[in-house]
>>> print(open('structure_26.cif').read())   # mmCIF, C-alpha atoms
data_upload
loop_
_atom_site.label_atom_id
_atom_site.label_comp_id
_atom_site.auth_asym_id
_atom_site.auth_seq_id
_atom_site.Cartn_x
_atom_site.Cartn_y
_atom_site.Cartn_z
CA MET A 1 184.15 79.09 195.77
CA GLU A 2 185.14 81.82 193.31
CA GLU A 3 182.25 83.00 191.13
CA LYS A 4 182.80 82.41 187.42
CA LYS A 5 182.95 85.75 185.64
CA GLU A 6 181.53 86.25 182.20
CA ASP A 7 184.10 86.80 179.46
CA LYS A 8 183.43 90.34 178.24
CA SER A 9 186.16 90.21 175.60
CA LYS A 10 183.68 88.78 173.10
CA THR A 11 180.89 91.29 173.78
CA GLY A 12 180.53 95.05 173.84
CA ALA A 13 181.07 97.89 171.39
CA LYS A 14 184.83 97.45 171.07
CA PHE A 15 184.49 93.79 170.09
CA TYR A 16 181.96 94.53 167.30
CA LYS A 17 183.38 97.87 166.12
CA LYS A 18 186.25 96.48 164.03
CA GLY A 19 184.02 94.16 162.01
CA LEU A 20 181.43 96.92 161.62
CA GLU A 21 183.93 99.47 160.33
CA SER A 22 185.31 96.93 157.86
CA TRP A 23 181.80 96.23 156.55
CA LEU A 24 180.94 99.93 156.21
CA LYS A 25 184.06 100.56 154.11
CA ASN A 26 183.13 97.78 151.67
CA ASP A 27 181.28 99.56 148.83
CA ASP A 28 179.96 96.27 147.43
CA LYS A 29 178.40 95.37 150.76
CA ASN A 30 177.35 98.87 151.82
CA SER A 31 175.30 99.55 148.69
CA GLN A 32 172.60 101.48 150.56
CA ILE A 33 174.97 104.14 152.00
CA ILE A 34 174.74 103.22 155.66
CA VAL A 35 176.61 105.62 157.98
CA LEU A 36 177.54 104.97 161.62
CA VAL A 37 176.43 108.10 163.51
CA ASP A 38 177.50 107.20 167.03
CA THR A 39 177.83 104.41 169.60
CA ASP A 40 175.62 104.43 172.69
CA LYS A 41 177.59 102.28 175.11
CA LYS A 42 175.04 102.68 177.92
CA LYS A 43 172.24 101.23 175.79
CA HIS A 44 174.63 98.88 173.97
CA ARG A 45 173.70 100.00 170.49
CA PHE A 46 175.07 101.48 167.29
CA ASN A 47 173.08 104.32 165.69
CA PHE A 48 173.01 104.68 161.91
CA THR A 49 171.51 106.60 159.03
CA VAL A 50 170.74 104.98 155.69
CA GLY A 51 170.10 106.22 152.15
CA GLY A 52 169.89 109.69 150.69
CA GLU A 53 167.18 110.72 153.16
CA GLU A 54 169.44 109.70 156.07
CA LEU A 55 166.72 107.67 157.74
CA LYS A 56 167.66 106.58 161.25
CA PHE A 57 167.88 103.07 162.65
CA SER A 58 169.82 101.33 165.41
CA ILE A 59 171.27 97.92 166.17
CA ARG A 60 171.50 96.80 169.78
CA TYR A 61 174.46 94.45 170.14
CA PRO A 62 174.66 91.48 172.57
CA PHE A 63 176.23 92.36 175.89
CA LYS A 64 175.48 89.22 177.83
CA THR A 65 175.55 85.53 176.98
CA GLY A 66 172.32 84.48 175.32
CA GLU A 67 171.45 87.92 173.94
CA THR A 68 171.01 88.58 170.21
CA PHE A 69 171.29 91.59 167.96
CA THR A 70 168.12 93.71 167.77
CA VAL A 71 167.18 96.21 165.06
CA ALA A 72 164.92 99.23 165.69
CA SER A 73 163.78 102.25 163.68
CA GLU A 74 161.15 104.97 164.01
CA ASP A 75 161.87 106.41 160.54
CA LEU A 76 161.45 103.28 158.47
CA ASP A 77 158.40 101.11 157.91
CA GLU A 78 157.83 98.73 160.83
CA SER A 79 158.41 95.73 158.54
CA PHE A 80 162.07 96.79 158.27
CA ALA A 81 162.81 96.05 161.94
CA LYS A 82 160.33 93.18 162.18
CA GLU A 83 161.71 91.23 159.23
CA SER A 84 165.32 92.05 160.12
CA ASN A 85 164.86 90.74 163.66
CA SER A 86 163.06 87.66 162.37
CA LYS A 87 166.04 86.81 160.15
CA ILE A 88 168.47 87.50 162.98
CA LYS A 89 166.61 85.13 165.32
CA LYS A 90 166.77 82.38 162.71
CA GLY A 91 170.52 82.84 162.29
CA LYS A 92 173.21 81.06 164.25
CA ASP A 93 176.34 82.68 165.68
CA LEU A 94 175.82 85.81 163.56
CA SER A 95 178.58 88.37 163.28
CA ILE A 96 177.95 92.11 163.04
CA ALA A 97 178.72 91.81 159.31
CA ASP A 98 175.98 89.18 158.94
CA VAL A 99 173.52 91.51 160.67
CA MET A 100 174.51 94.40 158.40
CA ASP A 101 173.90 92.17 155.37
CA ILE A 102 170.41 91.42 156.70
CA VAL A 103 169.44 95.04 157.36
CA THR A 104 170.83 96.12 153.97
CA THR A 105 168.68 93.57 152.17
CA GLN A 106 165.61 94.47 154.21
CA TYR A 107 166.10 98.19 153.62
CA ALA A 108 166.34 97.51 149.88
CA ALA A 109 163.03 95.64 150.08
CA VAL A 110 161.09 98.35 151.95
CA SER A 111 162.65 101.27 150.04
CA GLN A 112 161.50 100.10 146.63
CA ASP A 113 158.60 102.16 145.37
CA GLU A 114 155.70 99.82 145.93
CA GLY A 115 153.38 102.36 144.38
CA ASP A 116 154.91 101.72 140.95
CA PHE A 117 153.80 98.10 141.15
CA ASP A 118 150.33 98.81 142.51
CA ASP A 119 149.57 101.60 140.01
CA ASN A 120 149.91 99.15 137.15
CA MET A 121 147.54 96.63 138.70
CA ASP A 122 143.74 96.70 138.36
CA GLU A 123 142.18 98.85 141.10
CA ASP A 124 140.05 95.97 142.31
CA TYR A 125 142.93 93.47 142.30
CA ASP A 126 143.10 91.87 145.71
CA ASP A 127 144.28 88.31 145.08
CA ASP A 128 146.59 86.48 147.48
CA GLY A 129 147.32 89.62 149.48
CA PHE A 130 149.29 91.35 146.74
CA ASN A 131 147.49 94.68 146.98
CA PHE A 132 150.28 96.86 148.37
CA GLU A 133 148.34 100.09 148.90
CA GLU A 134 147.93 99.69 152.64
CA GLU A 135 151.43 98.33 153.17
CA ALA A 136 153.44 101.03 151.40
CA PRO A 137 156.51 102.14 153.36
CA LYS A 138 156.31 105.35 155.33
CA LYS A 139 159.34 106.67 153.49
CA ALA A 140 160.55 105.13 150.28
CA ALA A 141 163.22 106.96 148.34
CA LYS A 142 162.58 106.57 144.61
CA LYS A 143 165.70 105.95 142.57
CA SER A 144 166.36 108.45 139.81
CA ASN A 145 166.89 107.48 136.17
CA GLU A 146 165.43 104.06 136.85
CA PRO A 147 163.77 102.34 133.89
CA GLU A 148 160.05 101.73 134.06
CA VAL A 149 158.75 98.16 134.04
CA ASP A 150 155.18 97.39 133.01
CA THR A 151 154.33 94.97 135.80
CA SER A 152 150.75 94.49 134.57
CA LYS A 153 151.95 92.01 131.95
CA PHE A 154 153.38 89.65 134.57
CA ALA A 155 151.49 86.99 136.50
CA ILE A 156 152.22 86.65 140.21
CA PRO A 157 153.29 83.06 140.94
CA SER A 158 151.46 81.28 143.71
CA GLY A 159 153.20 81.45 147.08
CA TYR A 160 155.49 84.37 146.22
CA GLU A 161 155.72 87.09 148.84
CA PRO A 162 155.16 90.77 147.87
CA ALA A 163 158.69 91.72 148.96
CA CYS A 164 160.05 88.91 146.80
CA ILE A 165 158.18 90.17 143.72
CA GLN A 166 159.53 93.66 144.37
CA ALA A 167 163.08 92.35 144.68
CA ILE A 168 162.79 90.43 141.39
CA ILE A 169 161.35 93.46 139.59
CA GLN A 170 164.21 95.54 140.98
CA GLU A 171 166.65 93.00 139.52
CA TYR A 172 164.94 93.45 136.14
CA LYS A 173 165.16 97.25 136.42
CA ASN A 174 168.86 96.94 137.19
CA VAL A 175 169.32 94.82 134.05
CA LEU A 176 167.47 97.34 131.89
CA SER A 177 169.50 100.25 133.27
CA GLN A 178 172.67 98.95 131.56
CA THR A 179 173.57 98.08 127.99
CA LYS A 180 174.40 94.52 126.98
CA GLU A 181 178.03 95.59 126.49
CA GLU A 182 178.19 96.87 130.07
CA ARG A 183 176.63 93.86 131.74
CA GLN A 184 177.85 91.13 129.33
CA PHE A 185 174.54 89.27 129.46
CA ASP A 186 170.90 89.55 128.38
CA ALA A 187 168.09 88.57 130.73
CA GLU A 188 164.31 88.68 130.54
CA PRO A 189 161.33 86.93 132.14
CA MET A 190 160.02 83.87 130.36
CA GLY A 191 156.57 84.79 129.06
CA ASP A 192 154.49 86.34 131.83
CA ASN A 193 156.32 84.56 134.68
CA ILE A 194 158.35 87.19 136.53
CA ALA A 195 160.03 84.48 138.67
CA GLN A 196 161.61 82.58 135.74
CA TRP A 197 164.12 84.19 133.40
CA SER A 198 166.03 83.24 130.30
CA ILE A 199 169.61 84.49 130.26
CA LYS A 200 172.17 84.78 127.47
CA LEU A 201 175.67 84.86 128.95
CA TYR A 202 178.32 86.60 126.83
CA GLY A 203 181.81 87.90 127.59
CA PHE A 204 183.99 84.79 127.24
CA PRO A 205 187.56 85.75 126.23
CA SER A 206 188.25 84.77 122.62
CA ASP A 207 191.45 82.91 123.49
CA GLU A 208 189.69 80.53 125.89
CA PRO A 209 188.91 76.96 124.70
CA ILE A 210 185.21 77.44 125.50
CA SER A 211 185.08 80.43 123.12
CA LYS A 212 186.67 78.38 120.37
CA ASP A 213 184.05 75.65 120.94
CA MET A 214 181.30 78.26 120.77
CA LYS A 215 182.69 79.61 117.51
CA SER A 216 182.81 76.13 116.00
CA MET A 217 179.14 75.69 116.94
CA GLY A 218 178.16 79.06 115.49
CA ILE A 219 177.00 80.58 118.80
CA ASP A 220 178.15 83.58 120.82
CA HIS A 221 176.55 82.91 124.20
CA ILE A 222 175.53 80.30 126.79
CA THR A 223 171.77 80.14 127.45
CA LEU A 224 170.79 79.81 131.11
CA HIS A 225 167.53 79.38 132.99
CA VAL A 226 167.04 81.01 136.40
CA VAL A 227 164.17 80.43 138.83
CA PHE A 228 163.90 82.87 141.74
CA PRO A 229 162.65 81.33 145.01
CA PRO A 230 159.43 82.49 146.77
CA ASN A 231 161.51 84.20 149.48
CA TYR A 232 164.07 85.93 147.24
CA PRO A 233 166.54 87.49 148.07
CA PHE A 234 166.73 85.40 151.24
CA GLY A 235 166.97 82.15 149.26
CA PRO A 236 169.22 81.26 146.30
CA PRO A 237 167.95 81.18 142.72
CA PHE A 238 168.00 77.89 140.86
CA LEU A 239 170.38 78.33 137.93
CA ARG A 240 171.05 75.85 135.15
CA VAL A 241 172.40 75.69 131.61
CA ILE A 242 169.84 75.15 128.85
CA ARG A 243 172.25 75.04 125.91
CA PRO A 244 174.82 74.15 124.68
CA ARG A 245 175.78 70.97 126.53
CA PHE A 246 179.13 70.94 128.30
CA ALA A 247 181.73 68.22 128.03
CA PHE A 248 181.68 65.82 130.99
CA ARG A 249 182.89 67.38 134.24
CA THR A 250 184.12 70.67 132.81
CA GLY A 251 183.30 74.28 133.63
CA HIS A 252 181.67 73.42 136.99
CA VAL A 253 178.57 72.30 135.06
CA THR A 254 177.07 68.96 136.10
CA ILE A 255 176.11 66.20 133.69
CA GLY A 256 172.51 67.48 133.86
CA GLY A 257 173.34 71.15 133.36
CA ALA A 258 173.09 72.38 136.96
CA ILE A 259 175.76 74.81 138.17
CA CYS A 260 178.08 73.22 140.73
CA THR A 261 178.74 75.87 143.39
CA HIS A 262 178.15 76.18 147.13
CA VAL A 263 177.09 79.82 146.67
CA LEU A 264 173.83 78.78 144.96
CA THR A 265 172.65 76.56 147.84
CA ASN A 266 170.75 77.33 151.03
CA ASP A 267 173.99 76.78 152.93
CA GLY A 268 176.19 79.16 150.94
CA TRP A 269 173.74 81.84 149.83
CA VAL A 270 174.02 85.41 151.15
CA ALA A 271 170.98 87.67 150.80
CA THR A 272 173.02 90.59 149.43
CA TYR A 273 174.08 88.64 146.32
CA ARG A 274 172.54 89.97 143.11
CA LEU A 275 172.13 88.47 139.65
CA PRO A 276 174.92 90.40 137.84
CA GLN A 277 177.42 89.35 140.52
CA ILE A 278 176.25 85.75 140.28
CA LEU A 279 176.66 85.69 136.50
CA VAL A 280 180.15 87.17 136.71
CA ASP A 281 181.07 84.34 139.09
CA VAL A 282 179.42 81.68 136.92
CA ARG A 283 181.29 82.86 133.82
CA ALA A 284 184.56 82.87 135.78
CA MET A 285 183.89 79.32 137.04
CA MET A 286 183.16 78.07 133.54
CA ILE A 287 186.50 79.47 132.40
CA SER A 288 188.56 78.46 135.46
CA GLY A 289 186.98 75.00 135.36
CA ASN A 290 188.37 74.48 131.85
CA GLY A 291 184.88 74.53 130.39
CA ARG A 292 184.49 72.73 127.06
CA LEU A 293 181.36 72.16 125.02
CA ASP A 294 179.99 68.88 123.74
CA THR A 295 180.06 69.87 120.08
CA SER A 296 178.63 66.50 119.04
CA ASN A 297 175.36 66.91 120.97
CA ARG A 298 173.07 69.80 120.04
CA SER A 299 170.17 68.85 122.31
CA ASP A 300 169.10 71.06 125.24
CA TYR A 301 169.44 70.10 128.87
CA SER A 302 166.00 69.47 130.39
CA GLU A 303 164.96 70.86 133.77
CA ALA A 304 164.43 67.29 134.99
CA GLU A 305 168.06 66.45 134.13
CA ALA A 306 169.28 69.51 135.99
CA LEU A 307 167.21 68.73 139.09
CA ASP A 308 168.45 65.14 139.17
CA ALA A 309 172.03 66.39 138.92
CA LEU A 310 171.38 69.00 141.61
CA ARG A 311 170.04 66.36 144.00
CA ARG A 312 173.12 64.20 143.47
CA LEU A 313 175.35 67.22 144.06
CA LEU A 314 173.53 68.14 147.27
CA ALA A 315 173.71 64.57 148.56
CA THR A 316 177.43 64.38 147.86
CA HIS A 317 178.29 67.61 149.67
CA LYS A 318 175.47 67.48 152.25
CA TRP A 319 174.11 70.82 151.04
CA THR A 320 170.45 71.81 150.76
CA HIS A 321 168.38 73.74 148.20
CA TRP A 322 164.72 74.82 148.17
CA LYS A 323 164.21 73.48 144.64
CA ALA A 324 165.40 69.93 145.33
#
>>> encode(input="structure_26.cif", output="structure tokens")
Amino acid sequence: MEEKKEDKSKTGAKFYKKGLESWLKNDDKNSQIIVLVDTDKKKHRFNFTVGGEELKFSIRYPFKTGETFTVASEDLDESFAKESNSKIKKGKDLSIADVMDIVTTQYAAVSQDEGDFDDNMDEDYDDDGFNFEEEAPKKAAKKSNEPEVDTSKFAIPSGYEPACIQAIIQEYKNVLSQTKEERQFDAEPMGDNIAQWSIKLYGFPSDEPISKDMKSMGIDHITLHVVFPPNYPFGPPFLRVIRPRFAFRTGHVTIGGAICTHVLTNDGWVATYRLPQILVDVRAMMISGNGRLDTSNRSDYSEAEALDALRRLLATHKWTHWKA
């Protein structure tokens, strides 16, 4: 009986190279300046450098049925490879592009200057494992011209991972690094809770019906509420409208104020998404969805309304979300 041979057309460097090269050329995806140095076909791996310091890491690609991608690095903090491989193992049928998204997000997490956060905390602070002194990355390139954030004024929500807090603070630094005119929104934490933000969304074209409704109501923005999950950026934020109320079934806004989009669910979320990109998409959906405002109702949406609407949305589409 003839032995069944394994199909090698869907494994090996040649199979993965095309998708890898496409990902590397995408500036939006390759935000951390990852460069393919060479391909080691004998060891079945791609060798890369990342960032301005050209730190080295590698990805071993599957060569046999049942194998998975594996990330390794001697230059970066051990959590980089450990967390990357953990996410890869949890994934299903991952492409090389999916793996590159994972390592990009993890590099961003370990390369943030953890010392900035720890220096602003009390020296004796050691609550819930958020003292970062012993866990600082071996090499962490500090971004130039980055605004300072006084982290001492923020409380650390229960259950939030250190890397998550760092990612949220980095989002805030990114907001502060641009003017309102450049980003077309304002965003800031609500009180001392770094995980919940209030957002004012501007930038609606004046000839759109939603802009005319806003003008008639004497407002120039849509107020949103965002809650970052405890595992951000690996989970989607919860985003809802606070005010004004939208007309029924317009602008991709539910009757309770939740945003109706697959992207902001566990099923559609990609860890490389960032808040400015999300808000650009939300504004575009409000416009393309013929968004109109309920000018007769000046009351705010409540969070309970939004969560009820989110649960109905998830049940209808069979999606999931950490908040519901």
>>> resolve_selection(input="structure_26.cif", expression="the PyMOL selection byres ((chain A and resi 242-259) around 8)", output="VMD selection string")
chain A and resid 222 to 225 239 to 241 260 to 261 282 285 to 295 297 to 302 305 to 310
>>> resolve_selection(input="structure_26.cif", expression="the PyMOL selection byres ((chain A and resi 37) around 12)", output="NGL selection string")
:A and (21 or 24 or 34-36 or 38-40 or 45-50 or 54-59)
>>> residues_around(input="structure_26.cif", residues="A:Ser95", least_positions_apart="4", cutoff="9 Å", atoms="all atoms listed in the file", output="JSON, numbers by chain")
{"A": [16, 19, 99, 100]}
>>> write_last_selection(input="structure_26.cif", atoms="C-alpha atoms", output="CSV table (one decimal), in the coordinates of the input")
chain,number,residue,atom,x,y,z
A,16,TYR,CA,182.0,94.5,167.3
A,19,GLY,CA,184.0,94.2,162.0
A,99,VAL,CA,173.5,91.5,160.7
A,100,MET,CA,174.5,94.4,158.4
>>> residues_around(input="structure_26.cif", residues="A:Phe80", least_positions_apart="5", cutoff="8 Å", atoms="only C-alpha atoms", output="PyMOL selection string")
chain A and resi 73+103+106-107+110
>>> write_last_selection(input="structure_26.cif", atoms="C-alpha atoms", output="compact mmCIF listing (two decimals), keeping the file's coordinate frame")
# COMPACT_ATOMS: atom_id res chain seq x y z
CA SER A 73 163.78 102.25 163.68
CA VAL A 103 169.44 95.04 157.36
CA GLN A 106 165.61 94.47 154.21
CA TYR A 107 166.10 98.19 153.62
CA VAL A 110 161.09 98.35 151.95
>>> atom_distance(input="structure_26.cif", atom1="atom CA of A:Tyr172", atom2="atom CA of A:Val149")
8.1 Å
>>> atom_distance(input="structure_26.cif", atom1="atom CA of A:Ala271", atom2="atom CA of A:Gly91")
12.5 Å
>>> atom_distance(input="structure_26.cif", atom1="atom CA of A:Pro233", atom2="atom CA of A:Ala195")
11.8 Å
>>> closest_residue(input="structure_26.cif", among="A:Phe69, A:Pro230, A:Thr320, A:Thr179", to="A:Ile165", atoms="only C-alpha atoms")
A:Pro230
>>> resolve_selection(input="structure_26.cif", expression="the PyMOL selection byres ((chain A and resi 62-68) around 12)", output="PyMOL selection string")
chain A and resi 5-16+41-46+59-61+69-71+85-96+99
>>> write_last_selection(input="structure_26.cif", atoms="C-alpha atoms", output="short mmCIF file (atom, residue, chain, number, x, y, z; two decimals), in the frame of the given file")
data_model
loop_
_atom_site.label_atom_id
_atom_site.label_comp_id
_atom_site.auth_asym_id
_atom_site.auth_seq_id
_atom_site.Cartn_x
_atom_site.Cartn_y
_atom_site.Cartn_z
CA LYS A 5 182.95 85.75 185.64
CA GLU A 6 181.53 86.25 182.20
CA ASP A 7 184.10 86.80 179.46
CA LYS A 8 183.43 90.34 178.24
CA SER A 9 186.16 90.21 175.60
CA LYS A 10 183.68 88.78 173.10
CA THR A 11 180.89 91.29 173.78
CA GLY A 12 180.53 95.05 173.84
CA ALA A 13 181.07 97.89 171.39
CA LYS A 14 184.83 97.45 171.07
CA PHE A 15 184.49 93.79 170.09
CA TYR A 16 181.96 94.53 167.30
CA LYS A 41 177.59 102.28 175.11
CA LYS A 42 175.04 102.68 177.92
CA LYS A 43 172.24 101.23 175.79
CA HIS A 44 174.63 98.88 173.97
CA ARG A 45 173.70 100.00 170.49
CA PHE A 46 175.07 101.48 167.29
CA ILE A 59 171.27 97.92 166.17
CA ARG A 60 171.50 96.80 169.78
CA TYR A 61 174.46 94.45 170.14
CA PHE A 69 171.29 91.59 167.96
CA THR A 70 168.12 93.71 167.77
CA VAL A 71 167.18 96.21 165.06
CA ASN A 85 164.86 90.74 163.66
CA SER A 86 163.06 87.66 162.37
CA LYS A 87 166.04 86.81 160.15
CA ILE A 88 168.47 87.50 162.98
CA LYS A 89 166.61 85.13 165.32
CA LYS A 90 166.77 82.38 162.71
CA GLY A 91 170.52 82.84 162.29
CA LYS A 92 173.21 81.06 164.25
CA ASP A 93 176.34 82.68 165.68
CA LEU A 94 175.82 85.81 163.56
CA SER A 95 178.58 88.37 163.28
CA ILE A 96 177.95 92.11 163.04
CA VAL A 99 173.52 91.51 160.67
#
